[in-house]
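Containing PDB, C-alpha atoms, pLDDT in the B column: start_23.pdb.
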ATOM      1  CA  MET A   4       4.049  -6.682 124.060  1.00 70.00           C
ATOM      2  CA  ASP A   5       5.247  -9.607 121.942  1.00 75.00           C
ATOM      3  CA  LEU A   6       6.354  -8.975 118.400  1.00 85.00           C
ATOM      4  CA  GLU A   7       4.735 -10.876 115.552  1.00 93.00           C
ATOM      5  CA  ASP A   8       6.733 -13.793 114.172  1.00 93.00           C
ATOM      6  CA  ASP A   9       7.525 -12.019 110.903  1.00 94.00           C
ATOM      7  CA  GLN A  10       8.926  -9.063 112.877  1.00 95.00           C
ATOM      8  CA  ILE A  11      11.162 -11.394 114.890  1.00 95.00           C
ATOM      9  CA  ILE A  12      12.368 -13.075 111.699  1.00 95.00           C
ATOM     10  CA  ARG A  13      13.122  -9.655 110.218  1.00 95.00           C
ATOM     11  CA  LEU A  14      15.268  -8.877 113.296  1.00 95.00           C
ATOM     12  CA  PHE A  15      17.206 -12.116 112.677  1.00 95.00           C
ATOM     13  CA  PHE A  16      17.774 -11.106 109.059  1.00 95.00           C
ATOM     14  CA  GLU A  17      19.039  -7.728 110.295  1.00 95.00           C
ATOM     15  CA  ARG A  18      21.343  -9.672 112.683  1.00 95.00           C
ATOM     16  CA  SER A  19      19.955  -7.706 115.615  1.00 94.00           C
ATOM     17  CA  GLU A  20      20.586  -9.266 119.009  1.00 92.00           C
ATOM     18  CA  ALA A  21      17.087  -8.107 119.940  1.00 95.00           C
ATOM     19  CA  ALA A  22      15.853 -11.018 117.798  1.00 95.00           C
ATOM     20  CA  VAL A  23      17.144 -13.533 120.346  1.00 95.00           C
ATOM     21  CA  ALA A  24      15.592 -11.619 123.251  1.00 95.00           C
ATOM     22  CA  GLU A  25      12.237 -11.398 121.474  1.00 95.00           C
ATOM     23  CA  LEU A  26      12.351 -15.061 120.497  1.00 96.00           C
ATOM     24  CA  TYR A  27      13.070 -16.020 124.090  1.00 96.00           C
ATOM     25  CA  ARG A  28      10.321 -13.744 125.396  1.00 95.00           C
ATOM     26  CA  LYS A  29       7.763 -15.246 123.039  1.00 95.00           C
ATOM     27  CA  TYR A  30       8.795 -18.919 122.877  1.00 93.00           C
ATOM     28  CA  GLY A  31      11.272 -19.507 125.705  1.00 94.00           C
ATOM     29  CA  GLY A  32       8.619 -20.860 128.066  1.00 92.00           C
ATOM     30  CA  LEU A  33       7.260 -23.247 125.457  1.00 90.00           C
ATOM     31  CA  CYS A  34      10.752 -24.495 124.642  1.00 93.00           C
ATOM     32  CA  MET A  35      11.485 -24.934 128.345  1.00 93.00           C
ATOM     33  CA  SER A  36       8.291 -26.939 128.749  1.00 90.00           C
ATOM     34  CA  ILE A  37       9.206 -29.235 125.866  1.00 89.00           C
ATOM     35  CA  SER A  38      12.748 -29.725 127.173  1.00 91.00           C
ATOM     36  CA  CYS A  39      11.612 -30.324 130.755  1.00 90.00           C
ATOM     37  CA  ASN A  40       9.075 -32.905 129.620  1.00 86.00           C
ATOM     38  CA  ILE A  41      11.786 -34.822 127.800  1.00 86.00           C
ATOM     39  CA  LEU A  42      14.700 -34.356 130.192  1.00 87.00           C
ATOM     40  CA  LYS A  43      12.959 -34.034 133.583  1.00 85.00           C
ATOM     41  CA  ASN A  44      15.815 -31.754 134.623  1.00 90.00           C
ATOM     42  CA  ARG A  45      15.473 -27.948 134.621  1.00 93.00           C
ATOM     43  CA  GLU A  46      19.213 -27.318 134.355  1.00 94.00           C
ATOM     44  CA  ASP A  47      19.610 -29.541 131.291  1.00 93.00           C
ATOM     45  CA  ALA A  48      16.400 -28.098 129.845  1.00 93.00           C
ATOM     46  CA  GLY A  49      17.745 -24.564 130.319  1.00 94.00           C
ATOM     47  CA  GLU A  50      20.885 -25.548 128.411  1.00 95.00           C
ATOM     48  CA  CYS A  51      18.753 -26.907 125.581  1.00 94.00           C
ATOM     49  CA  VAL A  52      16.729 -23.683 125.442  1.00 95.00           C
ATOM     50  CA  ASN A  53      19.960 -21.665 125.203  1.00 96.00           C
ATOM     51  CA  ASP A  54      21.253 -24.044 122.529  1.00 95.00           C
ATOM     52  CA  THR A  55      17.940 -23.612 120.698  1.00 95.00           C
ATOM     53  CA  LEU A  56      18.328 -19.839 120.664  1.00 96.00           C
ATOM     54  CA  LEU A  57      21.862 -20.196 119.303  1.00 95.00           C
ATOM     55  CA  ALA A  58      20.730 -22.703 116.671  1.00 95.00           C
ATOM     56  CA  VAL A  59      17.988 -20.343 115.488  1.00 95.00           C
ATOM     57  CA  TRP A  60      20.484 -17.461 115.386  1.00 95.00           C
ATOM     58  CA  ASN A  61      22.794 -19.584 113.236  1.00 94.00           C
ATOM     59  CA  ALA A  62      19.988 -20.801 110.948  1.00 94.00           C
ATOM     60  CA  ILE A  63      18.113 -17.542 110.256  1.00 94.00           C
ATOM     61  CA  PRO A  64      19.213 -16.336 107.746  1.00 91.00           C
ATOM     62  CA  PRO A  65      19.313 -18.106 105.316  1.00 91.00           C
ATOM     63  CA  GLU A  66      16.326 -20.088 106.617  1.00 90.00           C
ATOM     64  CA  LYS A  67      13.026 -18.233 106.689  1.00 92.00           C
ATOM     65  CA  PRO A  68      10.522 -20.475 108.468  1.00 91.00           C
ATOM     66  CA  ASP A  69       6.844 -20.167 107.582  1.00 89.00           C
ATOM     67  CA  MET A  70       5.824 -21.006 111.140  1.00 89.00           C
ATOM     68  CA  LEU A  71       8.359 -19.737 113.668  1.00 93.00           C
ATOM     69  CA  SER A  72       6.779 -21.474 116.666  1.00 89.00           C
ATOM     70  CA  GLY A  73       6.933 -24.907 115.028  1.00 86.00           C
ATOM     71  CA  TYR A  74      10.445 -24.259 113.767  1.00 91.00           C
ATOM     72  CA  VAL A  75      11.720 -23.257 117.211  1.00 93.00           C
ATOM     73  CA  CYS A  76       9.867 -26.086 118.987  1.00 89.00           C
ATOM     74  CA  ARG A  77      11.283 -28.655 116.583  1.00 88.00           C
ATOM     75  CA  ILE A  78      14.814 -27.454 117.275  1.00 93.00           C
ATOM     76  CA  ALA A  79      14.209 -27.468 121.051  1.00 93.00           C
ATOM     77  CA  ARG A  80      12.718 -30.954 120.882  1.00 89.00           C
ATOM     78  CA  ASN A  81      15.543 -32.360 118.747  1.00 89.00           C
ATOM     79  CA  LEU A  82      18.228 -30.849 120.976  1.00 92.00           C
ATOM     80  CA  SER A  83      16.440 -32.170 124.067  1.00 90.00           C
ATOM     81  CA  LEU A  84      16.215 -35.658 122.587  1.00 86.00           C
ATOM     82  CA  LYS A  85      19.906 -35.529 121.712  1.00 88.00           C
ATOM     83  CA  LYS A  86      20.697 -34.489 125.302  1.00 89.00           C
ATOM     84  CA  TYR A  87      18.379 -37.207 126.642  1.00 83.00           C
ATOM     85  CA  HIS A  88      20.177 -39.871 124.616  1.00 80.00           C
ATOM     86  CA  SER A  89      23.534 -38.492 125.709  1.00 81.00           C
ATOM     87  CA  ASN A  90      22.458 -38.511 129.368  1.00 80.00           C
ATOM     88  CA  THR A  91      21.114 -42.045 129.181  1.00 72.00           C
ATOM     89  CA  ALA A  92      23.769 -43.671 126.983  1.00 66.00           C
ATOM     90  CA  GLN A  93      25.436 -45.382 129.935  1.00 54.00           C
ATOM     91  CA  LYS A  94      22.404 -46.015 132.109  1.00 56.00           C
ATOM     92  CA  ARG A  95      19.117 -47.003 130.562  1.00 52.00           C
ATOM     93  CA  ASP A  96      16.388 -44.530 131.469  1.00 52.00           C
ATOM     94  CA  GLY A  97      13.197 -45.771 129.911  1.00 55.00           C
ATOM     95  CA  ARG A  98      10.954 -42.676 130.060  1.00 57.00           C
ATOM     96  CA  TYR A  99      11.376 -41.695 126.455  1.00 56.00           C
ATOM     97  CA  ASP A 100      12.004 -45.252 125.320  1.00 59.00           C
ATOM     98  CA  VAL A 101       8.459 -46.072 126.456  1.00 59.00           C
ATOM     99  CA  LEU A 102       7.105 -43.392 124.104  1.00 61.00           C
ATOM    100  CA  LEU A 103       9.160 -44.787 121.233  1.00 59.00           C
ATOM    101  CA  GLU A 104       8.000 -48.334 121.957  1.00 61.00           C
ATOM    102  CA  GLU A 105       4.362 -47.221 122.049  1.00 64.00           C
ATOM    103  CA  ILE A 106       4.584 -45.663 118.613  1.00 63.00           C
ATOM    104  CA  ALA A 107       7.100 -48.111 117.082  1.00 59.00           C
ATOM    105  CA  ASP A 108       4.420 -50.743 116.449  1.00 57.00           C
ATOM    106  CA  CYS A 109       2.842 -48.359 113.940  1.00 62.00           C
ATOM    107  CA  LEU A 110       6.031 -47.858 111.924  1.00 55.00           C
ATOM    108  CA  GLU A 111       7.683 -50.034 109.338  1.00 51.00           C
ATOM    109  CA  GLY A 112      10.186 -52.300 111.021  1.00 47.00           C
ATOM    110  CA  GLY A 113      12.213 -53.554 108.043  1.00 45.00           C
ATOM    111  CA  GLY A 114      13.733 -50.320 106.805  1.00 46.00           C
ATOM    112  CA  ARG A 115      15.663 -47.541 108.423  1.00 42.00           C
ATOM    113  CA  VAL A 116      13.277 -44.771 109.521  1.00 41.00           C
ATOM    114  CA  GLU A 117      16.331 -42.497 109.745  1.00 43.00           C
ATOM    115  CA  ASP A 118      16.522 -42.529 105.972  1.00 48.00           C
ATOM    116  CA  GLU A 119      15.679 -38.955 105.049  1.00 51.00           C
ATOM    117  CA  ILE A 120      13.294 -39.740 102.201  1.00 53.00           C
ATOM    118  CA  LEU A 121      11.274 -42.233 104.220  1.00 57.00           C
ATOM    119  CA  ALA A 122      11.256 -39.884 107.212  1.00 59.00           C
ATOM    120  CA  LYS A 123       9.856 -37.027 105.112  1.00 66.00           C
ATOM    121  CA  GLU A 124       7.211 -39.272 103.576  1.00 67.00           C
ATOM    122  CA  LEU A 125       6.305 -40.621 106.998  1.00 69.00           C
ATOM    123  CA  ALA A 126       6.084 -37.108 108.434  1.00 71.00           C
ATOM    124  CA  GLY A 127       3.756 -36.071 105.635  1.00 76.00           C
ATOM    125  CA  GLU A 128       1.532 -39.086 106.168  1.00 81.00           C
ATOM    126  CA  LEU A 129       1.515 -38.518 109.923  1.00 82.00           C
ATOM    127  CA  ASN A 130       0.412 -34.921 109.407  1.00 82.00           C
ATOM    128  CA  GLU A 131      -2.301 -36.102 107.034  1.00 87.00           C
ATOM    129  CA  PHE A 132      -3.409 -38.710 109.589  1.00 88.00           C
ATOM    130  CA  LEU A 133      -3.519 -36.115 112.367  1.00 88.00           C
ATOM    131  CA  GLY A 134      -5.844 -34.078 110.168  1.00 90.00           C
ATOM    132  CA  THR A 135      -8.320 -36.967 110.175  1.00 92.00           C
ATOM    133  CA  LEU A 136      -8.574 -37.025 113.966  1.00 92.00           C
ATOM    134  CA  LYS A 137     -11.111 -35.240 116.085  1.00 94.00           C
ATOM    135  CA  SER A 138      -9.637 -32.248 117.870  1.00 93.00           C
ATOM    136  CA  ARG A 139      -9.465 -33.918 121.292  1.00 94.00           C
ATOM    137  CA  GLU A 140      -7.808 -37.082 119.934  1.00 95.00           C
ATOM    138  CA  ARG A 141      -5.270 -34.981 118.048  1.00 93.00           C
ATOM    139  CA  VAL A 142      -4.468 -32.892 121.146  1.00 93.00           C
ATOM    140  CA  ILE A 143      -3.991 -36.000 123.293  1.00 94.00           C
ATOM    141  CA  PHE A 144      -1.768 -37.622 120.653  1.00 91.00           C
ATOM    142  CA  VAL A 145       0.378 -34.521 120.159  1.00 87.00           C
ATOM    143  CA  LEU A 146       0.724 -33.874 123.898  1.00 87.00           C
ATOM    144  CA  ARG A 147       1.909 -37.442 124.376  1.00 88.00           C
ATOM    145  CA  TYR A 148       4.192 -37.975 121.406  1.00 83.00           C
ATOM    146  CA  TRP A 149       5.418 -34.468 120.615  1.00 81.00           C
ATOM    147  CA  TYR A 150       5.469 -32.746 123.990  1.00 79.00           C
ATOM    148  CA  CYS A 151       6.155 -36.005 125.908  1.00 79.00           C
ATOM    149  CA  PHE A 152       3.485 -35.423 128.568  1.00 84.00           C
ATOM    150  CA  SER A 153       2.519 -38.367 130.739  1.00 86.00           C
ATOM    151  CA  ALA A 154      -1.043 -39.688 130.757  1.00 91.00           C
ATOM    152  CA  ALA A 155      -1.513 -38.047 134.162  1.00 92.00           C
ATOM    153  CA  GLU A 156      -0.325 -34.659 132.886  1.00 89.00           C
ATOM    154  CA  ILE A 157      -2.581 -34.874 129.835  1.00 93.00           C
ATOM    155  CA  ALA A 158      -5.563 -35.893 131.982  1.00 95.00           C
ATOM    156  CA  GLN A 159      -4.973 -32.959 134.310  1.00 94.00           C
ATOM    157  CA  ARG A 160      -4.609 -30.466 131.441  1.00 91.00           C
ATOM    158  CA  LEU A 161      -7.747 -31.682 129.665  1.00 94.00           C
ATOM    159  CA  HIS A 162      -9.805 -32.385 132.799  1.00 95.00           C
ATOM    160  CA  ILE A 163     -10.392 -36.028 131.908  1.00 96.00           C
ATOM    161  CA  THR A 164      -9.397 -39.312 133.505  1.00 95.00           C
ATOM    162  CA  GLN A 165      -6.057 -41.008 132.905  1.00 94.00           C
ATOM    163  CA  ASN A 166      -7.960 -44.023 131.648  1.00 95.00           C
ATOM    164  CA  SER A 167      -9.644 -41.847 128.991  1.00 95.00           C
ATOM    165  CA  VAL A 168      -6.206 -40.666 127.892  1.00 95.00           C
ATOM    166  CA  ARG A 169      -4.828 -44.208 127.702  1.00 94.00           C
ATOM    167  CA  VAL A 170      -7.853 -45.486 125.765  1.00 96.00           C
ATOM    168  CA  SER A 171      -7.676 -42.560 123.340  1.00 95.00           C
ATOM    169  CA  LEU A 172      -3.952 -43.125 122.763  1.00 94.00           C
ATOM    170  CA  TYR A 173      -4.443 -46.858 122.232  1.00 93.00           C
ATOM    171  CA  ARG A 174      -7.252 -46.329 119.732  1.00 95.00           C
ATOM    172  CA  THR A 175      -5.353 -43.598 117.918  1.00 93.00           C
ATOM    173  CA  ARG A 176      -2.240 -45.786 117.654  1.00 91.00           C
ATOM    174  CA  GLU A 177      -4.374 -48.604 116.250  1.00 92.00           C
ATOM    175  CA  ARG A 178      -5.908 -46.228 113.693  1.00 92.00           C
ATOM    176  CA  LEU A 179      -2.432 -44.899 112.825  1.00 89.00           C
ATOM    177  CA  LYS A 180      -1.119 -48.430 112.370  1.00 87.00           C
ATOM    178  CA  LYS A 181      -4.000 -49.243 109.995  1.00 89.00           C
ATOM    179  CA  TYR A 182      -3.618 -45.903 108.170  1.00 87.00           C
ATOM    180  CA  LEU A 183       0.124 -46.350 107.612  1.00 82.00           C
ATOM    181  CA  LYS A 184      -0.342 -49.959 106.516  1.00 83.00           C
ATOM    182  CA  GLN A 185      -2.820 -48.770 103.859  1.00 84.00           C
ATOM    183  CA  LYS A 186      -0.217 -46.243 102.695  1.00 76.00           C
ATOM    184  CA  GLY A 187       2.463 -48.937 102.530  1.00 75.00           C
ATOM    185  CA  LEU A 188       4.449 -47.485 105.432  1.00 68.00           C
ATOM    186  CA  GLY A 189       3.177 -49.520 108.354  1.00 61.00           C
ATOM    187  CA  THR A 190       4.071 -52.824 109.903  1.00 58.00           C
ATOM    188  CA  ASP A 191       2.778 -56.064 108.479  1.00 53.00           C
TER     189      ASP A 191
END
Please express the file's structure as C-alpha cells.
Amino acid sequence: MDLEDDQIIRLFFERSEAAVAELYRKYGGLCMSISCNILKNREDAGECVNDTLLAVWNAIPPEKPDMLSGYVCRIARNLSLKKYHSNTAQKRDGRYDVLLEEIADCLEGGGRVEDEILAKELAGELNEFLGTLKSRERVIFVLRYWYCFSAAEIAQRLHITQNSVRVSLYRTRERLKKYLKQKGLGTD
C-alpha cells in the first residue's frame, strides 16, 4: 500500500532511507515514463530516475513541496531534458526540438526566456491559460508538451484520431499565442 505524499515527505525530513523506496514505489513509473518519452532510451531514462531520487533526497529538507508528484515529475523532466541535450550536443536529434519549435511561435522572441523573472511570469500565465481550456484540450496539450508524447501516442491513449490530436494542438497553440500576446508576453 502506497504512503500518502505527506507521509513520504515526513520520512525525508526524518532522513529515513525508506523515503526513497516509497517515493520510487509511488512515482518511479511516472518518472520513468517521462524520461523515456524524452530520451527514447530506457537505460538513460533509468539513470535520470535514479538521479531524480537523489535530487529529491538532497532537496527535502529544506524544501517541503505542496504537491510531491509535480515536484518529482518536474525534477525528472528537467534532468531528462538536460541528458537529452547532452546526448544530442554533437549530433542533432530533432525529436524534442520539434516540440520546442511548435511552442516557440507562442513565446516572446526578443527577450531571453531563461531569465528567471520572465520564466516565472510565463509559467504563471501558462497555468492560467491551461485553466481556460476544456479538459480534453488541456490533457492533449499537457501530454504533448509536458510528457512529450507523440500525436500517435496521445491518440491511442485518448481513443481519438491522430488528426484530432494535431488539430487540437494547432488550435490550442493559436489560442495560447493570442492569450500571451494580450498579456504582453507573446510574439508580435
Picked residues, the PyMOL selection byres ((chain A and resi 27) around 12), expected as a PyMOL selection string: chain A and resi 5-6+8+11+20-26+28-35+49+52-57+59-60+72+75-76+79
Straight-line distance linking atom CA of Arg147 of chain A with atom CA of Val168 of chain A, stated in Å to one decimal: 9.4 Å
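Counting from atom CA of Arg80 of chain A, the distance to atom CA of Lys43 of chain A is 13.1 Å.
The shortest atom-to-atom distance to Asn40 of chain A, with only C-alpha atoms taken into account, belongs to A:Leu146 out of A:Leu146, A:Ala126, A:Asp69, A:Thr91.
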Distance criterion (only C-alpha atoms): nearest to Ala62 of chain A out of A:Ile12, A:Glu156, A:Ser89, A:Arg45: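 The answer is A:Ile12, which sits nearest to Ala62 of chain A.
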Residue IDs satisfying the PyMOL selection byres ((chain A and resi 172-175) around 10), as a PyMOL selection string: chain A and resi 105-106+132-133+136+140-141+143-145+147-148+154+166-171+176-181
Counting all atoms listed in the file, the residue of A:Lys67, A:Gly127, A:Glu46, A:Ala58 that sits nearest Asp9 of chain A: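 When distances to Asp9 of chain A are compared using all atoms listed in the file, the smallest one comes from A:Lys67.
Here atom CA of Asn44 of chain A and atom CA of Leu71 of chain A stand 25.3 Å from one another.
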Selected residue of minimal separation from Tyr182 of chain A among A:Gln165, A:Trp149, A:Glu128, A:Val142, counting all atoms listed in the file: A:Glu128
Enclose all atoms of segment 164-176 of chain A listed in the file in an axis-aligned box, grow every side by 5 Å, and hand back centre and edge lengths in Å to one decimal, as lines of an AutoDock Vina configuration file.
center_x = -5.9
center_y = -43.1
center_z = 125.6
size_x = 17.4
size_y = 17.5
size_z = 25.9
Nearest candidate to Pro68 of chain A (options A:Met4, A:His88, A:Phe16, A:Leu183; using all atoms listed in the file):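 Ranked by minimum distance to Pro68 of chain A, first place goes to A:Phe16.
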Among the residues A:Leu84, A:Ile78, A:Cys151, A:Ile63, the one that comes closest to Glu17 of chain A [using all atoms listed in the file]: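 Looking at the shortest contact to Glu17 of chain A, the residue is A:Ile63.
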